[in-house]
Amino acid sequence: MDRPVATFRGVLAGASPEVRAARARAVLDNLPASALGAPVDMLHVPVGGVSGIAFRVQDHFLFALTADDLAPGDPRGLDETGEDVRQNLQAVFAARRAQLHWPTILRGVALSALATGVLALLVIGVGRMRTRLAMRLQAVFEKHVLQRTARTFDWTGSAMQLVHQIVQIGAVCLVLMFAYLYLIFTLMQFPASQPTATRLFEFLWGLVDRFGLAVADAIPGVMTVVVIFLLTRALQSLVNNVFDAVQGGRLNIPGMHPETAGATRRLMSVMIWGLAITFAYPHMPGAQSDVFKGLSVLLGLMVTLGSSGIVNQLMSGMVVIYSRSLKKGDLVSIGDATGVVVGVDALSVKLVNLAQEELTIPNAVVVASTVRNFTKQGRQRGVAISTMVTIGYDTPWRQVYAMLIEAAERTPQVAQQPAPYVLQRGLSDFYAEYEIFATLRDPATRFAAISALHENIQDAFNRYGVQIMSPHFRDQPESPLTIPPEHWYPAPAQAPGEANATTPSQS
């Protein structure tokens, strides 16, 4: 009948505990129905030279229990243990009588059928509830979430599939719980299966009890984590307000600059939240479990294996940011790359060059290279540009100075103050080297200004009939190699006035 009766631990008359248990089970199974209602007698008899108790029903000897069968450390004596065995035998006989009683069987079948119908109704109800809940959640999701977030990317299908999967899993878990309770109820209706139902119920109750105790034990830790989170969030909000004021120029803190306020704020955020997680980790539910320990080991291994390059880039990024050598919008030259800075982050610097190509330069490369910023000093004193020409000694240097300064003054991107000036950089065998310096109004026009300055230098020297000998001199021609103004616009080139007056023909 699947019920415990007695436990044999000692050897009796040469029979091991296993053999004794098999013999006792065979005797109990072969008892006639008439003996099931008789009282169980306990007889104190010496068995194999050891004091023992024999159990008998009517004239049927069941088995014997000796002092060797007592559990080690059990304070109960042989008589008390024998009384427990006698009550177990009476319970087994009562269950067997009930199992052989037809009204009990019919009652169990009827209640099981009723429970089956209730289970079917519950399953149908869960199915309908699942459908309605999914539709309700979909409507709420579309109304309050998707209208605010799905502007650039339509992720409605994925979101709805996720919602339906969550509802489906919840419905399946609910049905499984009902089926488990149905199984317990059905098994309880038949005496032969009542022990199995009891074990199933005890297993379920043990899960609920452990879960409830775990939740109760976790409440103080969860409250501590919530308090730490709220305090950290308040501190983070204060830090953000301070750095926003510094970045916007509304607050001046010694040692802190608007250019580095954003990076400093991110570093402070990482430190604040890192400390918060460190303080909150011991209070998290399950923090001491093997799962958390394994996760910590995995994260540590990942950081150890992959942090060398990343840390190098991050440290280089801090050097780039806190050196304030460049910022977004500056015209810079880094190694062989020249362009406008469009992004400075923790790992790289992004430039857009004259050809509208985006260049990504790792911060480690930026730190190892010479950075030329054409914009930074230009905000206060202007950005200087220069170009060199070589002119023969037959041209007076004063005339060269005047022509170069005139060309610079004709360049629209060049500022009038400070005025352009010329330096002689060298005296070679056949020519002198002159370099013209000028200041730009806008540093961003550097490339266009250099091109316009070259154009105006050629026009000025051609206008005055002076030959430019750059970059190499091989032989002195009979006449200067210049282009007179009347030959400046051969076809298809057009003079500025002619280009404005010409209109396209209509066909």
# chains A, B, ... in the order shown; residues from 1 in each chain; ligands from 1
>>> residues_around(residues="Pro420 in chain A", least_positions_apart="6", cutoff="12 Å", atoms="only C-alpha atoms", output="ChimeraX atom specification")
/A:384-387,401-411,414,435-440,453
>>> write_last_selection(atoms="N, CA and C atoms", output="mmCIF file, in the first residue's frame")
data_model
loop_
_atom_site.group_PDB
_atom_site.id
_atom_site.type_symbol
_atom_site.label_atom_id
_atom_site.label_comp_id
_atom_site.auth_asym_id
_atom_site.auth_seq_id
_atom_site.Cartn_x
_atom_site.Cartn_y
_atom_site.Cartn_z
ATOM 1 N N ALA A 384 47.449 81.593 -39.177
ATOM 2 C CA ALA A 384 48.364 82.060 -40.216
ATOM 3 C C ALA A 384 48.540 80.984 -41.277
ATOM 4 N N ILE A 385 48.584 81.420 -42.531
ATOM 5 C CA ILE A 385 48.923 80.547 -43.648
ATOM 6 C C ILE A 385 50.146 81.139 -44.334
ATOM 7 N N SER A 386 50.857 80.303 -45.035
ATOM 8 C CA SER A 386 52.055 80.786 -45.729
ATOM 9 C C SER A 386 52.289 79.937 -46.961
ATOM 10 N N THR A 387 53.022 80.522 -47.906
ATOM 11 C CA THR A 387 53.441 79.792 -49.094
ATOM 12 C C THR A 387 54.752 80.392 -49.580
ATOM 13 N N TYR A 401 58.420 91.681 -52.520
ATOM 14 C CA TYR A 401 57.642 91.903 -51.307
ATOM 15 C C TYR A 401 56.297 92.533 -51.643
ATOM 16 N N ALA A 402 56.345 93.593 -52.463
ATOM 17 C CA ALA A 402 55.120 94.334 -52.786
ATOM 18 C C ALA A 402 54.133 93.451 -53.536
ATOM 19 N N MET A 403 54.625 92.643 -54.494
ATOM 20 C CA MET A 403 53.715 91.790 -55.260
ATOM 21 C C MET A 403 53.089 90.712 -54.367
ATOM 22 N N LEU A 404 53.869 90.120 -53.494
ATOM 23 C CA LEU A 404 53.314 89.092 -52.613
ATOM 24 C C LEU A 404 52.285 89.679 -51.650
ATOM 25 N N ILE A 405 52.574 90.849 -51.083
ATOM 26 C CA ILE A 405 51.610 91.472 -50.174
ATOM 27 C C ILE A 405 50.353 91.866 -50.927
ATOM 28 N N GLU A 406 50.510 92.366 -52.166
ATOM 29 C CA GLU A 406 49.326 92.708 -52.968
ATOM 30 C C GLU A 406 48.477 91.464 -53.237
ATOM 31 N N ALA A 407 49.134 90.338 -53.544
ATOM 32 C CA ALA A 407 48.387 89.098 -53.788
ATOM 33 C C ALA A 407 47.640 88.658 -52.532
ATOM 34 N N ALA A 408 48.280 88.792 -51.365
ATOM 35 C CA ALA A 408 47.609 88.414 -50.126
ATOM 36 C C ALA A 408 46.423 89.315 -49.842
ATOM 37 N N GLU A 409 46.580 90.621 -50.096
ATOM 38 C CA GLU A 409 45.474 91.542 -49.831
ATOM 39 C C GLU A 409 44.307 91.308 -50.775
ATOM 40 N N ARG A 410 44.572 90.762 -51.973
ATOM 41 C CA ARG A 410 43.488 90.466 -52.908
ATOM 42 C C ARG A 410 42.765 89.150 -52.572
ATOM 43 N N THR A 411 43.309 88.381 -51.650
ATOM 44 C CA THR A 411 42.673 87.108 -51.264
ATOM 45 C C THR A 411 41.535 87.397 -50.296
ATOM 46 N N VAL A 414 41.697 86.404 -46.449
ATOM 47 C CA VAL A 414 42.773 86.941 -45.614
ATOM 48 C C VAL A 414 42.294 88.181 -44.881
ATOM 49 N N GLU A 435 58.822 83.845 -48.562
ATOM 50 C CA GLU A 435 57.635 83.231 -47.949
ATOM 51 C C GLU A 435 56.701 84.330 -47.471
ATOM 52 N N ILE A 436 55.440 84.279 -47.934
ATOM 53 C CA ILE A 436 54.414 85.246 -47.566
ATOM 54 C C ILE A 436 53.570 84.663 -46.436
ATOM 55 N N PHE A 437 53.341 85.431 -45.390
ATOM 56 C CA PHE A 437 52.518 85.038 -44.252
ATOM 57 C C PHE A 437 51.284 85.924 -44.207
ATOM 58 N N ALA A 438 50.118 85.299 -43.973
ATOM 59 C CA ALA A 438 48.867 86.050 -43.866
ATOM 60 C C ALA A 438 47.992 85.385 -42.814
ATOM 61 N N THR A 439 47.030 86.128 -42.306
ATOM 62 C CA THR A 439 46.120 85.651 -41.256
ATOM 63 C C THR A 439 44.720 85.496 -41.826
ATOM 64 N N LEU A 440 44.062 84.381 -41.499
ATOM 65 C CA LEU A 440 42.722 84.099 -42.016
ATOM 66 C C LEU A 440 41.654 84.674 -41.102
ATOM 67 N N LEU A 453 45.217 82.296 -52.640
ATOM 68 C CA LEU A 453 46.487 83.020 -52.537
ATOM 69 C C LEU A 453 47.426 82.626 -53.669
#
>>> select_by_dssp(residues="range 310-397 of chain A", states="helix (DSSP H, G or I)", output="ChimeraX atom specification")
/A:310-323,363-368,377-379,397
>>> residues_around(residues="Ala115 in chain A", least_positions_apart="2", cutoff="10 Å", atoms="only C-alpha atoms", output="PDB file with C-alpha atoms, in the first residue's frame")
ATOM      1  CA  VAL A 109     -13.841   7.766  -9.684  1.00  0.00           C
ATOM      2  CA  ALA A 110     -16.723  10.256  -9.440  1.00  0.00           C
ATOM      3  CA  LEU A 111     -14.618  12.915  -7.746  1.00  0.00           C
ATOM      4  CA  SER A 112     -11.809  12.342 -10.249  1.00  0.00           C
ATOM      5  CA  ALA A 113     -14.236  12.792 -13.145  1.00  0.00           C
ATOM      6  CA  GLY A 117     -14.181  18.588 -15.826  1.00  0.00           C
ATOM      7  CA  VAL A 118     -13.027  21.430 -13.576  1.00  0.00           C
ATOM      8  CA  LEU A 119      -9.515  21.128 -15.025  1.00  0.00           C
ATOM      9  CA  ALA A 120     -10.897  21.291 -18.566  1.00  0.00           C
ATOM     10  CA  LEU A 121     -12.881  24.440 -17.703  1.00  0.00           C
ATOM     11  CA  LEU A 181      -3.017  20.205  -8.310  1.00  0.00           C
ATOM     12  CA  TYR A 182      -5.458  18.034 -10.280  1.00  0.00           C
ATOM     13  CA  LEU A 183      -3.037  15.107 -10.069  1.00  0.00           C
ATOM     14  CA  PHE A 185      -6.465  15.713  -5.825  1.00  0.00           C
ATOM     15  CA  THR A 186      -7.099  12.649  -7.990  1.00  0.00           C
TER      16      THR A 186
END
>>> residues_around(residues="Thr360 in chain A", least_positions_apart="2", cutoff="8 Å", atoms="only C-alpha atoms", output="list in words")
Ser348, Val349, Lys350, Leu351, Glu358 and Pro362 of chain A
>>> write_last_selection(atoms="C-alpha atoms", output="compact mmCIF listing (two decimals), in the first residue's frame")
# COMPACT_ATOMS: atom_id res chain seq x y z
CA SER A 348 38.95 57.32 -31.43
CA VAL A 349 38.92 60.70 -33.15
CA LYS A 350 36.90 61.17 -36.35
CA LEU A 351 37.90 63.67 -39.06
CA GLU A 358 35.54 60.32 -42.79
CA PRO A 362 42.53 55.51 -32.76
>>> closest_residue(among="A:Leu275, A:Val365, A:Val175, A:Ala415", to="Met129 in chain A", atoms="only C-alpha atoms")
A:Val175
>>> residues_around(residues="Met318 in chain A", least_positions_apart="6", cutoff="12 Å", atoms="only C-alpha atoms", output="PyMOL selection string")
chain A and resi 260+262-264+266-267+311-312+324-325+344-349+363-364+366-367
>>> write_last_selection(atoms="C-alpha atoms", output="compact mmCIF listing (two decimals), in the first residue's frame")
# COMPACT_ATOMS: atom_id res chain seq x y z
CA THR A 260 36.61 68.46 -20.62
CA GLY A 262 31.59 66.08 -20.68
CA ALA A 263 34.38 63.52 -20.31
CA THR A 264 34.78 64.27 -16.60
CA ARG A 266 31.17 60.40 -17.77
CA LEU A 267 34.11 59.35 -15.61
CA VAL A 311 42.47 50.19 -21.54
CA ASN A 312 45.25 51.53 -23.76
CA ARG A 324 42.48 69.90 -24.90
CA SER A 325 44.55 69.64 -28.06
CA VAL A 344 36.05 62.86 -30.09
CA ASP A 345 35.15 59.82 -27.99
CA ALA A 346 36.83 57.44 -25.60
CA LEU A 347 38.35 55.23 -28.31
CA SER A 348 38.95 57.32 -31.43
CA VAL A 349 38.92 60.70 -33.15
CA ASN A 363 43.39 57.57 -29.71
CA ALA A 364 46.65 55.68 -29.25
CA VAL A 366 46.64 60.43 -31.90
CA VAL A 367 48.73 60.46 -28.72
>>> closest_residue(among="A:Leu354, A:Val422, A:Ile361, A:Leu106", to="Ala448 in chain A", atoms="only C-alpha atoms")
A:Leu354
>>> residues_around(residues="range 4-6 of chain A", least_positions_apart="5", cutoff="10 Å", atoms="only C-alpha atoms", output="MDAnalysis selection string")
chainID A and resid 21 24:25 63:65 69 81:82 84:92 195
>>> closest_residue(among="A:Arg3, A:Val167, A:Gln458, A:Arg96", to="Thr198 in chain A", atoms="only C-alpha atoms")
A:Arg3
>>> atom_distance(atom1="CA of Gln247 in chain A", atom2="CA of Ala337 in chain A")
28.8 Å
>>> residues_around(residues="Asn241 in chain A", least_positions_apart="3", cutoff="12 Å", atoms="only C-alpha atoms", output="list in words")
Ala234, Leu235, Gln236, Ser237, Leu238, Asp244, Ala245, Val246, Gln247, Gly248, Arg250, Leu251, Ala261, Gly262 and Arg265 of chain A
>>> closest_residue(among="A:Leu43, A:Ile334, A:Ala22, A:Arg132", to="Ala368 in chain A", atoms="only C-alpha atoms")
A:Ile334
>>> closest_residue(among="A:Val225, A:Val291, A:Ala179, A:Val341", to="Phe279 in chain A", atoms="only C-alpha atoms")
A:Val225
